[in-house]
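Worksheet for the structure shown next.
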Amino acid sequence: MCGLVVVLSPHEVPREAEITVMRDLLQHRGPDAAENLILKFKQSGGIGMGFRRLSIQDLNVLAGQPMVSRDGTKAIVFNGEIYNFWELRRDLVRRGRRFQTNSDTEVLLQAYEEWGIDCLPKLNGMFAFFIWDETKKQGLVARDRFGEKPLYFARTPKGALVFGSEIKAVAAHPEVPCQPNIEQAEALFTHASIHSEQQTVFKGIERFKSAHFMVVNIDGQVETYKRYWTPDYQEIDHSMTDRSAVEQFRALIERSVVMRTRSDVAGSACLSGGLDSSTIVGVLAGSKEVSEGFAFHETISARFPEDPTIDEGQYIDDVLAKHGLNGISVLFSSKQVLDDIPRLHWHHEETIPGLSMYLEWGVMKRARELGYKVMLDGQGADELLGGYTHYFQYFQHDAYVQGDRLKLMTNILPQQFRLWLLSKKYDSLKRRIGTRFYVEDSVFENLERDTWINPGDYGDKVGLPPCVPGNEFRYKLAAELLYVSLPTQLHSGDRNSMAHGVEARFPFLDHDLVDWCIKLPPEQMIRWGHQKYVMRKAGKGVLPKSVIRRADKVGYLSPQDVWFRGEIGQWVADQLNSSILDSMPSFDRAELQKRQREHSDGTVDHSAELWKWASTAQWLSMFKSDAWANQP
């Protein structure tokens with residue numbers, strides 16, 4: 001929804017001019033309004049709050065931030081949305097509270113006044129906020145369960161705490177260095193859980209952990225910093241029937257989608273043609289409870305009609321036709337990519353994993369051009385319901401370890417048949433789906449009944465079930481949701497949308513839906529070779545048959561392999577030749593130049609590795625040019 005900065009200084013009052021500089025580096029997140037609040041402590045020091053507003057809920061100026069409580073003792077800056085704010089508001093009114101606005105910000109502030117820290121489990125939404133409580137002489141900082149909204153912080157040499165919605169805003173404080181953390185930048189290549197780690201790729205600037213809260217006192221000391229929510233992957237509801245699973249899933253996703261249309265501005269939805277986005281669009285099109293202000297009537301899609309191997313147009317068109325919707329297509333060119341690369345990195349603040357991220361950028365840019373401030377998207381469904389292709393392999397291995405040959409055969413054979421049919425349809429099936437869904441039996445014959453996963457890869461991270469033979473599928477689901485895939489997807493989703501002043505909302509991350517999904521037996525997630533089985537069954541009547549039955553998972557796949565054999569290839573070559581990459585310990589210029597020649601010749605697709613190094617060079621060069629301190 002917005003961008004925030006906070007400076008809590010125990011020894012001197014923060015300067016408003018410094019708060020303004022930090023705040024306005026977040027102008028893209030909140031182009032509609034900007035305000036500061038400076039509070040001076042009685043003894044020494046003070047707190048400065050800065051806010052950039054993207055007006056979505058209650059457009060009145062009274063709903064702006066920083067917002068001060070009616071008695072003047074508390075102040076809040078809050079980035080995000082509390083989707084159940086009407087329900088919370090009704091509860092608070094029954095308790096005798098009165099409201100001056102129709103905003104979720106005031107509801108959050110009064111929820112804190114009523115329940116203190118215990119308000120956190122009651123919040124259904126995405127959020128990062130700071131509340132200063134003058135009566136307690138302390139601040140409460142919190143971030144949502146999955147980390148949908150970002151938050152970073154740093155400690156200055158003089159003992160001040162600095163918070164910001166993006167790293168560049170924190171680094172703009174005069175006492176916070178703006179330097180690359182080479183060790184963490186290297187970890188982006190090898191460390192799967194980098195986006196859930198507290199360290200960032202900027203020295204001295206830390207990531208506020210998702211599902212955590214922090215209590216800081218007037219002296220700038222952290223009194224408490226701990227987790228307030230942890231999913232329970234240990235419990236499985238084996239009593240669930242197919243019928244009850246479908247009914248409950250449908251009710252939960254419909255409730256979540258409708259709740260995420262609460263808005264006083266127009267909204268739309270991303271449509272990739274996959275199960276996830278198509279389900280959201282189907283619910284939107286069929287529900288009579290969608291918020292009137294949301295005014296849903298069309299979708300926005302990334303399409304590649306000139307490249308049928310990766311294009312999703314046939315499925316997109318089927319969804320649009322079923323519901324009678326208008327579809328906006330976003331097309332891409334390598335020239336566009338080259339023009340946007342510097343801005344893309346400025347907003348992401350790190351090496352970008354691949355150019356599939358750019359497709360989301362293009363869709364969000366088009367959404368804002370069309371006047372939409374809110375977009376619904378499908379992040380989280382794959383991590384909840386075993387949708388990624390590699391999950392099938394862990395499911396298969398569990399069945400092998402358990403000695404369940406029937407489960408193996410009734411899943412592998414249908415999947416092999418569907419892949420054989422797909423191989424007849426596309427020039428390069430590997431290029432379309434990336435990796436195989438299943439593992440040959442011969443691989444299992446050479447394995448002892450042991451795990452494929454090394455538990456040491458995740459250390460002592462909480463929320464993961466036992467990593468034991470026969471339980472790897474659930475372990476992988478938990479790890480990807482909490483520490484690996486989802487944090488990366490949410491980082492990208494936030495930066496790509498907020499770069500254009502658009503708020504992305506993710507119905508599959510409703511915490512009630514998540515808590516229900518993690519209790520599903522594996523057979524409700526994968527059956528007859530179909531992944532996300534319960535969603536397919538719940539989609540009857542909502543989704544076209546072509547989408548329900550599809551076996552190829554493409555997602556947001558860009559033609560970067562083709563682009564890299566054109567003019568972008570020259571840009572990549574220039575980046576690989578840059579001396580700035582010499583600071584990276586694992587950089588091997590000769591080897592990468594060899595791989596680029598192989599890629600250009602069409603011998604093999606090295607585009608993923610080439611892009612990562614070229615992206616790293618772009619990121620490093622922005623420190624040298626002091627790009628982080630200026631709007632691009």
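Starting from 1 in every chain, residues are counted up; chains themselves are A, B, ... following the order of the structure tokens, and ligands are numbered from 1 as listed.
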Near Arg250 in chain A, within 12 Å and counting only C-alpha atoms, which residues show up once chain neighbours fewer than 6 positions away are dropped, as an MDAnalysis selection string? chainID A and resid 243:244 256:257 279:280 282:283 287 508 513 516:517 534:542
Dump C-alpha atoms for the selected residues as an mmCIF file, in the first residue's frame?
```
data_model
loop_
_atom_site.group_PDB
_atom_site.id
_atom_site.type_symbol
_atom_site.label_atom_id
_atom_site.label_comp_id
_atom_site.auth_asym_id
_atom_site.auth_seq_id
_atom_site.Cartn_x
_atom_site.Cartn_y
_atom_site.Cartn_z
ATOM 1 C CA ARG A 243 -15.959 -34.275 -1.126
ATOM 2 C CA SER A 244 -15.216 -32.448 2.107
ATOM 3 C CA SER A 256 -10.095 -15.114 0.575
ATOM 4 C CA VAL A 257 -10.564 -13.749 -2.942
ATOM 5 C CA THR A 279 -8.899 -20.105 -10.193
ATOM 6 C CA ILE A 280 -8.698 -16.562 -8.824
ATOM 7 C CA GLY A 282 -12.942 -17.751 -11.984
ATOM 8 C CA VAL A 283 -13.887 -16.894 -8.405
ATOM 9 C CA SER A 287 -18.897 -14.167 -7.093
ATOM 10 C CA PHE A 508 -3.627 -18.186 -1.627
ATOM 11 C CA LEU A 513 -6.431 -21.247 3.901
ATOM 12 C CA TRP A 516 -6.052 -25.785 6.280
ATOM 13 C CA CYS A 517 -3.883 -26.755 3.292
ATOM 14 C CA VAL A 534 -7.850 -30.703 -4.809
ATOM 15 C CA MET A 535 -7.721 -27.413 -6.701
ATOM 16 C CA ARG A 536 -8.470 -29.163 -9.988
ATOM 17 C CA LYS A 537 -11.486 -30.907 -8.441
ATOM 18 C CA ALA A 538 -12.696 -27.671 -6.850
ATOM 19 C CA GLY A 539 -12.345 -25.959 -10.230
ATOM 20 C CA LYS A 540 -15.172 -27.925 -11.814
ATOM 21 C CA GLY A 541 -17.645 -25.399 -13.170
ATOM 22 C CA VAL A 542 -15.207 -22.537 -12.474
#
```
8 Å contact set for Tyr225 in chain A, only C-alpha atoms, chain neighbours under 4 positions out, as a list of chain:residue names: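 The contact residues come out as A:His212, A:Phe213, A:Met214, A:Val215.
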Report as a ChimeraX atom specification all protein, DNA and RNA residues lying within 12 Å of Leu520 in chain A, evaluated on only C-alpha atoms, omitting residues in the same chain fewer than 3 positions from it. /A:232-242,244-246,248-249,384-386,474,477,513-517,523-526,532-535
Close residues, Pro121 in chain A itself excluded, 12 Å, only C-alpha atoms, min 4 positions apart in chain, as a ChimeraX atom specification: /A:82,84,88,111-112,115-117,125,142-145,211-213,227-230,511-512
Output for the residues just chosen: C-alpha atoms as a PDB file, in the first residue's frame:
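Saved as part-v5.pdb:
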```pdb
ATOM      1  CA  ILE A  82      -5.614  -5.659   6.891  1.00  0.00           C
ATOM      2  CA  ASN A  84     -10.467  -8.378   7.859  1.00  0.00           C
ATOM      3  CA  LEU A  88     -12.141  -6.245  13.611  1.00  0.00           C
ATOM      4  CA  ALA A 111      -6.589  -3.020  17.790  1.00  0.00           C
ATOM      5  CA  TYR A 112      -3.157  -2.426  19.318  1.00  0.00           C
ATOM      6  CA  TRP A 115      -5.173  -5.930  22.742  1.00  0.00           C
ATOM      7  CA  GLY A 116      -1.517  -4.885  22.619  1.00  0.00           C
ATOM      8  CA  ILE A 117       0.792  -7.460  21.022  1.00  0.00           C
ATOM      9  CA  GLY A 125      -3.518  -9.441   5.844  1.00  0.00           C
ATOM     10  CA  ALA A 142       5.830  -6.381  13.126  1.00  0.00           C
ATOM     11  CA  ARG A 143       5.740  -8.081   9.748  1.00  0.00           C
ATOM     12  CA  ASP A 144       3.074 -10.388   8.292  1.00  0.00           C
ATOM     13  CA  ARG A 145       3.192 -14.180   8.460  1.00  0.00           C
ATOM     14  CA  ALA A 211       5.971 -13.674  11.170  1.00  0.00           C
ATOM     15  CA  HIS A 212       8.060 -11.834  13.775  1.00  0.00           C
ATOM     16  CA  PHE A 213       7.516  -8.871  16.056  1.00  0.00           C
ATOM     17  CA  ARG A 227       8.136 -15.306  16.015  1.00  0.00           C
ATOM     18  CA  TYR A 228       4.388 -15.012  16.642  1.00  0.00           C
ATOM     19  CA  TRP A 229       3.136 -17.622  14.108  1.00  0.00           C
ATOM     20  CA  THR A 230       4.449 -21.014  13.016  1.00  0.00           C
ATOM     21  CA  HIS A 511      -3.566 -17.713   6.723  1.00  0.00           C
ATOM     22  CA  ASP A 512      -6.790 -19.636   7.338  1.00  0.00           C
TER      23      ASP A 512
END
```
So which residues of range 282-436 of chain A fall under alpha helix (DSSP H) by DSSP, listed as JSON, numbers by chain? {"A": [282, 283, 284, 285, 286, 313, 314, 315, 316, 317, 318, 319, 320, 321, 322, 323, 334, 335, 336, 337, 338, 339, 340, 341, 342, 343, 344, 345, 346, 347, 348, 356, 357, 358, 359, 360, 361, 362, 363, 364, 365, 366, 367, 368, 369, 381, 382, 383, 384, 385, 389, 390, 391, 392, 393, 394, 395, 396, 397, 398, 399, 400, 401, 405, 406, 407, 408, 409, 410, 411, 412, 413, 414, 415, 416, 417, 418, 419, 420, 421, 422, 423, 424, 425, 429, 430, 431, 432, 433]}
If you count only C-alpha atoms, the residue of A:Pro559, A:Ser625, A:Leu581, A:Val484 closest to Ala192 in chain A turns out to be A:Val484
CA of His599 in chain A sits from CA of Arg565 in chain A at a separation of 7.3 Å
Contact residues around Ala629 in chain A with only C-alpha atoms at 8 Å, ignoring same-chain residues under 2 positions, as a PyMOL selection string: chain A and resi 25+168+172+626-627+631
Saved selection, atoms kept: C-alpha atoms, as a PDB file, in the first residue's frame:
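Output contents, as saved in selection_17.pdb:
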```pdb
ATOM      1  CA  LEU A  25      13.265   7.392  -2.166  1.00  0.00           C
ATOM      2  CA  LYS A 168      17.780   2.075  -0.225  1.00  0.00           C
ATOM      3  CA  ALA A 172      19.937   6.927   2.773  1.00  0.00           C
ATOM      4  CA  ASP A 626      25.784   6.058  -6.328  1.00  0.00           C
ATOM      5  CA  ALA A 627      22.574   5.088  -8.106  1.00  0.00           C
ATOM      6  CA  GLN A 631      15.317   7.971  -8.341  1.00  0.00           C
TER       7      GLN A 631
END
```
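Summary of the local environment: counting only C-alpha atoms, residues at most 6 Å from range 31-38 of chain A, other than itself and those fewer than 5 positions away along its chain, are Ile47, Gly48, Met49, Gly50, Phe51, Arg52, Arg53 and Leu54 of chain A.
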Could the residues in this selection be written to a file with C-alpha atoms, as a PDB file, in the first residue's frame?
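So the final result, stored in result.pdb, reads:
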```pdb
ATOM      1  CA  ILE A  47      11.666   9.474  16.853  1.00  0.00           C
ATOM      2  CA  GLY A  48      11.069  10.429  13.243  1.00  0.00           C
ATOM      3  CA  MET A  49       8.443   8.784  11.027  1.00  0.00           C
ATOM      4  CA  GLY A  50       8.089   9.310   7.297  1.00  0.00           C
ATOM      5  CA  PHE A  51       5.386   7.958   5.028  1.00  0.00           C
ATOM      6  CA  ARG A  52       4.547   7.802   1.317  1.00  0.00           C
ATOM      7  CA  ARG A  53       0.904   6.947   0.643  1.00  0.00           C
ATOM      8  CA  LEU A  54      -0.715   4.887  -2.098  1.00  0.00           C
TER       9      LEU A  54
END
```
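Summary of the local environment: counting only C-alpha atoms, residues at most 9 Å from Ala171 in chain A, other than itself and those fewer than 6 positions away along its chain, are Met22, Ala154, Pro177, Cys178, Gln179, Phe202, Ile205, Trp628 and Ala629 of chain A.
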DSSP strand (DSSP E) residues within range 98-153 of chain A, as a PyMOL selection string: chain A and resi 125-133+138-143+152-153
